[in-house]
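A.B. asks: Would you mind keeping the following structure in view while I ask a few things?
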Amino acid sequence: RECKVVIGSDPELTVSPRGEHWYKYNYPLSISASPDSKFDYWSITEHSGSRKTSTSNPLGLTITRGYEVYAHAKQQPSEYTLTIYTKYLDYRGNIRGIVPYKDVLIDGKRYETDRNGVLRVKVEKGKHTIEVLSPGYYSDWERYTFAKWSDGNRDNPRTITVSKDTTITAYLWREHKVVITSDPELSIYPGGARWYKYGKTISIKASPNDKFDYWTITPKPTGNSWRSRDNPLSLTIDKGYQIHAHAKQEPEKLSLIVTVKYLDYRGNVVSIVVGKKVLIDGVEYKTDSSGRVSITVTVGTHTIEVPEEYRVKEDGEYWQKYYFAKWDDNNKDNPRTFDINDDTEIVVYLWRECKVKISSDEGLSTNP
């Protein structure tokens, strides 16, 4: 008669014997775990029967049934506090402030610094991977990119060894986007969208100078715009900016009025159409309470389009629509390009149609 004994241990321990063995009935089995300094206790499961523990080492068993025996090590994970600060630098590399609510990965798990730019996490003794997510965008106009750690290391992510409470600071470049544009008569340098480090002073030149009029400078994402006639323009970056260079010449402005009216089925004018969409050079306008769109335009060609429009929606269906009929000179092109050389009023006529749904009881036919 033999009974099976299965013997295992935590990885910190060596047990002898180990594994699965069959022993004859009443065999006196001795199992040892080493090193003894790391040994804590045995867990013993009898089959079938009870469970028990023992701190004896070696463990003595008289084999009268099957056993599962497992040696547990003493050691338990040591926990330490890992503190990470996030701070930002100006373009010279000087510390200028904290970075609150910054995403940080520790061993692949995402955390966030608090409003003071501090993150404290309990970690086990040993090696850990830390990473500051970079770039981190706080808006379309502000971001933070990794610069270095406080010990001079520039790897991100990086591995650190924790054997005690540990504090480390991540330094980030604070950067702001500046978008620089100009009227077509001007060229600018630099131009386009660029990111600049906090505190950097930039110089922007518009040329030719005899055509330059002024800059509009708009802080982003919020702030009041202002103008400057300095050329070149000098600006210290402490936020995002939208900057535009305006040329001196102003094209002649003319009045353009588009009046929208609708016709009945005979082609007679009935009334104006209020709130009707009109596209002028691709820009959408709507007629006012007098059925008009009134804007100023430059001398030259302009394209006007009156798109079809459905109205009065009930139960998921539209019951009325307006669509183009003709211009006041009987031209039927839509869209149409006009040469505007003086103040101009154009009248456009639309068909107004109403949908009628006709049905009947079974056994009847209707016409229509």
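By order of appearance in the structure tokens: chains A, B, ..., then residues from 1 within every chain, and ligands from 1 in the order shown.
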Could the residues of region 49-84 of chain A that have an atom at most 7 Å from region 105-128 of chain A be listed as a Markdown table, each with its closest atom pair and the distance in Å to one decimal, counting only C-alpha atoms and ordered by chain and ascending residue number?

C.D. replies:
| residue | atom | partner | partner_atom | distance |
| --- | --- | --- | --- | --- |
| A:Pro77 | CA | A:Glu124 | CA | 6.0 |
| A:Ser78 | CA | A:Glu124 | CA | 5.4 |
| A:Glu79 | CA | A:Glu124 | CA | 4.4 |
| A:Tyr80 | CA | A:Val123 | CA | 5.5 |
| A:Thr81 | CA | A:Lys122 | CA | 4.6 |
| A:Leu82 | CA | A:Val121 | CA | 5.3 |
| A:Thr83 | CA | A:Arg120 | CA | 4.5 |
| A:Ile84 | CA | A:Leu119 | CA | 5.1 |

A.B. asks: Within 6 Å of region 188-204 of chain A, which residues of region 138-177 of chain A come that close, and what is the closest atom pair and distance in Å for each? Count only C-alpha atoms and give it as a tab-separated table.

C.D. replies:
residue	atom	partner	partner_atom	distance
A:Arg174	CA	A:Tyr198	CA	5.5
A:Glu175	CA	A:Lys197	CA	4.3
A:His176	CA	A:Trp195	CA	5.4
A:Lys177	CA	A:Trp195	CA	4.4

A.B. asks: Next, write the just-selected residues to a file, as a PDB file, in the first residue's frame, keeping N, CA and C atoms as the atom set.

C.D. replies:
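Once written, again-v7.pdb looks like this:
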ATOM      1  N   ARG A 174       8.601  73.669 -20.553  1.00  0.00           N
ATOM      2  CA  ARG A 174       7.275  74.226 -20.809  1.00  0.00           C
ATOM      3  C   ARG A 174       7.339  74.944 -22.143  1.00  0.00           C
ATOM      4  N   GLU A 175       6.438  74.575 -23.058  1.00  0.00           N
ATOM      5  CA  GLU A 175       6.467  75.123 -24.414  1.00  0.00           C
ATOM      6  C   GLU A 175       5.087  75.649 -24.796  1.00  0.00           C
ATOM      7  N   HIS A 176       5.088  76.705 -25.623  1.00  0.00           N
ATOM      8  CA  HIS A 176       3.841  77.287 -26.109  1.00  0.00           C
ATOM      9  C   HIS A 176       3.888  77.405 -27.634  1.00  0.00           C
ATOM     10  N   LYS A 177       2.726  77.190 -28.230  1.00  0.00           N
ATOM     11  CA  LYS A 177       2.633  77.292 -29.689  1.00  0.00           C
ATOM     12  C   LYS A 177       2.359  78.733 -30.100  1.00  0.00           C
TER      13      LYS A 177
END

A.B. asks: Rank A:Tyr349, A:Trp141, A:Trp149, A:Phe338 by their smallest atom-to-atom distance to Gly267 (chain A), using only C-alpha atoms, and report the top residue only.

C.D. replies: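 Distance minimum relative to Gly267 (chain A) lands on A:Tyr349.
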
A.B. asks: Please measure the separation of CA of Leu89 (chain A) and CA of Ile243 (chain A), giving the value in Å to one decimal.

C.D. replies: 24.5 Å

A.B. asks: Which is closest to Lys261 (chain A) among A:Leu172, A:Ile31, A:Ala73, A:Val274, if we use only C-alpha atoms?

C.D. replies: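 Selected residue with least distance to Lys261 (chain A): A:Val274.
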
A.B. asks: Report as JSON, numbers by chain: the residues of region 91-337 of chain A with a DSSP assignment of strand (DSSP E or B), based on the backbone of this structure.

C.D. replies: {"A": [95, 96, 97, 98, 103, 104, 105, 106, 109, 110, 111, 112, 118, 119, 120, 121, 122, 123, 124, 126, 127, 128, 129, 130, 131, 132, 136, 137, 138, 139, 142, 143, 144, 145, 146, 147, 148, 149, 158, 159, 160, 161, 162, 166, 167, 168, 169, 170, 171, 172, 173, 174, 175, 176, 177, 178, 179, 180, 181, 182, 187, 188, 189, 192, 193, 194, 195, 196, 197, 201, 202, 203, 204, 205, 206, 207, 212, 213, 214, 215, 216, 217, 218, 219, 220, 226, 227, 228, 233, 234, 235, 236, 240, 241, 242, 243, 244, 245, 246, 247, 253, 254, 255, 256, 257, 258, 259, 260, 261, 262, 263, 269, 270, 271, 272, 277, 278, 279, 280, 283, 284, 285, 286, 292, 293, 294, 295, 296, 297, 298, 300, 301, 302, 303, 304, 305, 309, 310, 311, 312, 313, 314, 317, 318, 319, 320, 321, 322, 323, 324, 325, 326, 327, 336, 337]}

A.B. asks: Tell me, as a PDB file with C-alpha atoms, in the first residue's frame, which residues lie within 8 Å of Pro307 (chain A), counting only C-alpha atoms; anything in the same chain fewer than 3 positions away does not count.

C.D. replies:
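result-v6.pdb was written with the following content:
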ATOM      1  CA  LYS A 277     -29.280  80.144 -46.312  1.00  0.00           C
ATOM      2  CA  VAL A 278     -27.256  81.984 -48.977  1.00  0.00           C
ATOM      3  CA  LEU A 279     -23.667  81.119 -49.860  1.00  0.00           C
ATOM      4  CA  TYR A 323     -35.432  75.652 -54.135  1.00  0.00           C
ATOM      5  CA  PHE A 324     -33.963  77.933 -56.767  1.00  0.00           C
TER       6      PHE A 324
END

A.B. asks: Tell me which protein, DNA and RNA residues are within 8 Å of Tyr23 (chain A), counting only C-alpha atoms, leaving out same-chain ones fewer than 2 positions away, and put them as a list in words.

C.D. replies: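 Within the cut-off, the hits are Glu2, Cys3, Lys4, Val5, His21, Tyr25, Tyr27 and Ile63 of chain A.
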
A.B. asks: Just the selected residues (C-alpha atoms), exported as a compact mmCIF listing (two decimals), in the first residue's frame, please.

C.D. replies:
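And here's result.txt as it stands now:
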# COMPACT_ATOMS: atom_id res chain seq x y z
CA GLU A 2 1.58 3.28 -1.06
CA CYS A 3 0.53 6.92 -0.59
CA LYS A 4 1.45 9.89 -2.78
CA VAL A 5 3.25 12.91 -1.30
CA HIS A 21 6.75 10.72 -4.67
CA TYR A 25 2.41 2.78 4.26
CA TYR A 27 7.06 5.12 6.12
CA ILE A 63 2.85 8.14 5.80

A.B. asks: Choose the residue, out of A:Tyr214, A:Tyr144, A:Tyr241, A:Tyr101, that has the smallest atom-to-atom separation from Val179 (chain A); count only C-alpha atoms.

C.D. replies: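 Going through A:Tyr214, A:Tyr144, A:Tyr241, A:Tyr101 one by one, the smallest distance to Val179 (chain A) is for A:Tyr241.
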
A.B. asks: Using Å and a single decimal, report how far CA of Val132 (chain A) sits from CA of Thr145 (chain A).

C.D. replies: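 These two atoms are separated by 8.8 Å.
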
A.B. asks: With only C-alpha atoms as the counted atoms, please give the residues lying no more than 6 Å from Ser54 (chain A), apart from itself and same-chain residues fewer than 2 positions off, as number ranges by chain.

C.D. replies: A: 41-42, 56

A.B. asks: Suppose you want the space between CA of Ile130 (chain A) and CA of Tyr85 (chain A); what is it in Å?

C.D. replies: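 For CA of Ile130 (chain A) relative to CA of Tyr85 (chain A), the distance reads 12.2 Å.
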
A.B. asks: Give me the residues within 10 Å of Asn94 (chain A) as a list in words, counting only C-alpha atoms and dropping any in the same chain fewer than 5 places off.

C.D. replies: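 What passes the distance filter is Tyr88, Leu89, Tyr171 and Trp173 of chain A.
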
A.B. asks: Which residue out of A:Thr86, A:Ser139, A:Gln242, A:Thr45 has the minimum interatomic distance to Ala170 (chain A) when only C-alpha atoms are used?

C.D. replies: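 Answer, going by the shortest atom-to-atom distance: A:Thr86.
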
A.B. asks: If you count only C-alpha atoms, which residues fall within 9 Å of Lys38 (chain A), apart from same-chain ones fewer than 6 positions away, as a PDB file with N, CA and C atoms, in the first residue's frame?

C.D. replies:
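For reference, out32.pdb as written:
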ATOM      1  N   GLU A  12      12.263  31.113  -2.784  1.00  0.00           N
ATOM      2  CA  GLU A  12      13.426  31.449  -1.964  1.00  0.00           C
ATOM      3  C   GLU A  12      14.006  30.242  -1.231  1.00  0.00           C
ATOM      4  N   LEU A  13      13.272  29.113  -1.215  1.00  0.00           N
ATOM      5  CA  LEU A  13      13.662  27.938  -0.439  1.00  0.00           C
ATOM      6  C   LEU A  13      13.993  26.741  -1.325  1.00  0.00           C
ATOM      7  N   HIS A  72       6.879  27.564   3.169  1.00  0.00           N
ATOM      8  CA  HIS A  72       6.709  28.996   2.979  1.00  0.00           C
ATOM      9  C   HIS A  72       7.918  29.750   3.528  1.00  0.00           C
ATOM     10  N   ALA A  73       8.393  30.750   2.754  1.00  0.00           N
ATOM     11  CA  ALA A  73       9.539  31.548   3.179  1.00  0.00           C
ATOM     12  C   ALA A  73       9.091  32.680   4.108  1.00  0.00           C
ATOM     13  N   LYS A  74      10.014  33.139   4.950  1.00  0.00           N
ATOM     14  CA  LYS A  74       9.719  34.196   5.905  1.00  0.00           C
ATOM     15  C   LYS A  74       9.490  35.552   5.239  1.00  0.00           C
ATOM     16  N   GLN A  75      10.336  35.817   4.246  1.00  0.00           N
ATOM     17  CA  GLN A  75      10.408  37.197   3.794  1.00  0.00           C
ATOM     18  C   GLN A  75       9.082  37.677   3.207  1.00  0.00           C
TER      19      GLN A  75
END

A.B. asks: From the options A:Lys276, A:Lys313, A:Lys326, A:Lys205, which residue's atoms come nearest to Leu235 (chain A), counting only C-alpha atoms?

C.D. replies: A:Lys205

A.B. asks: Considering only C-alpha atoms, can you say which of A:Glu46, A:Glu345, A:Asp281, A:Asp230 comes closest to Val293 (chain A)?

C.D. replies: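 Selected residue with least distance to Val293 (chain A): A:Glu345.
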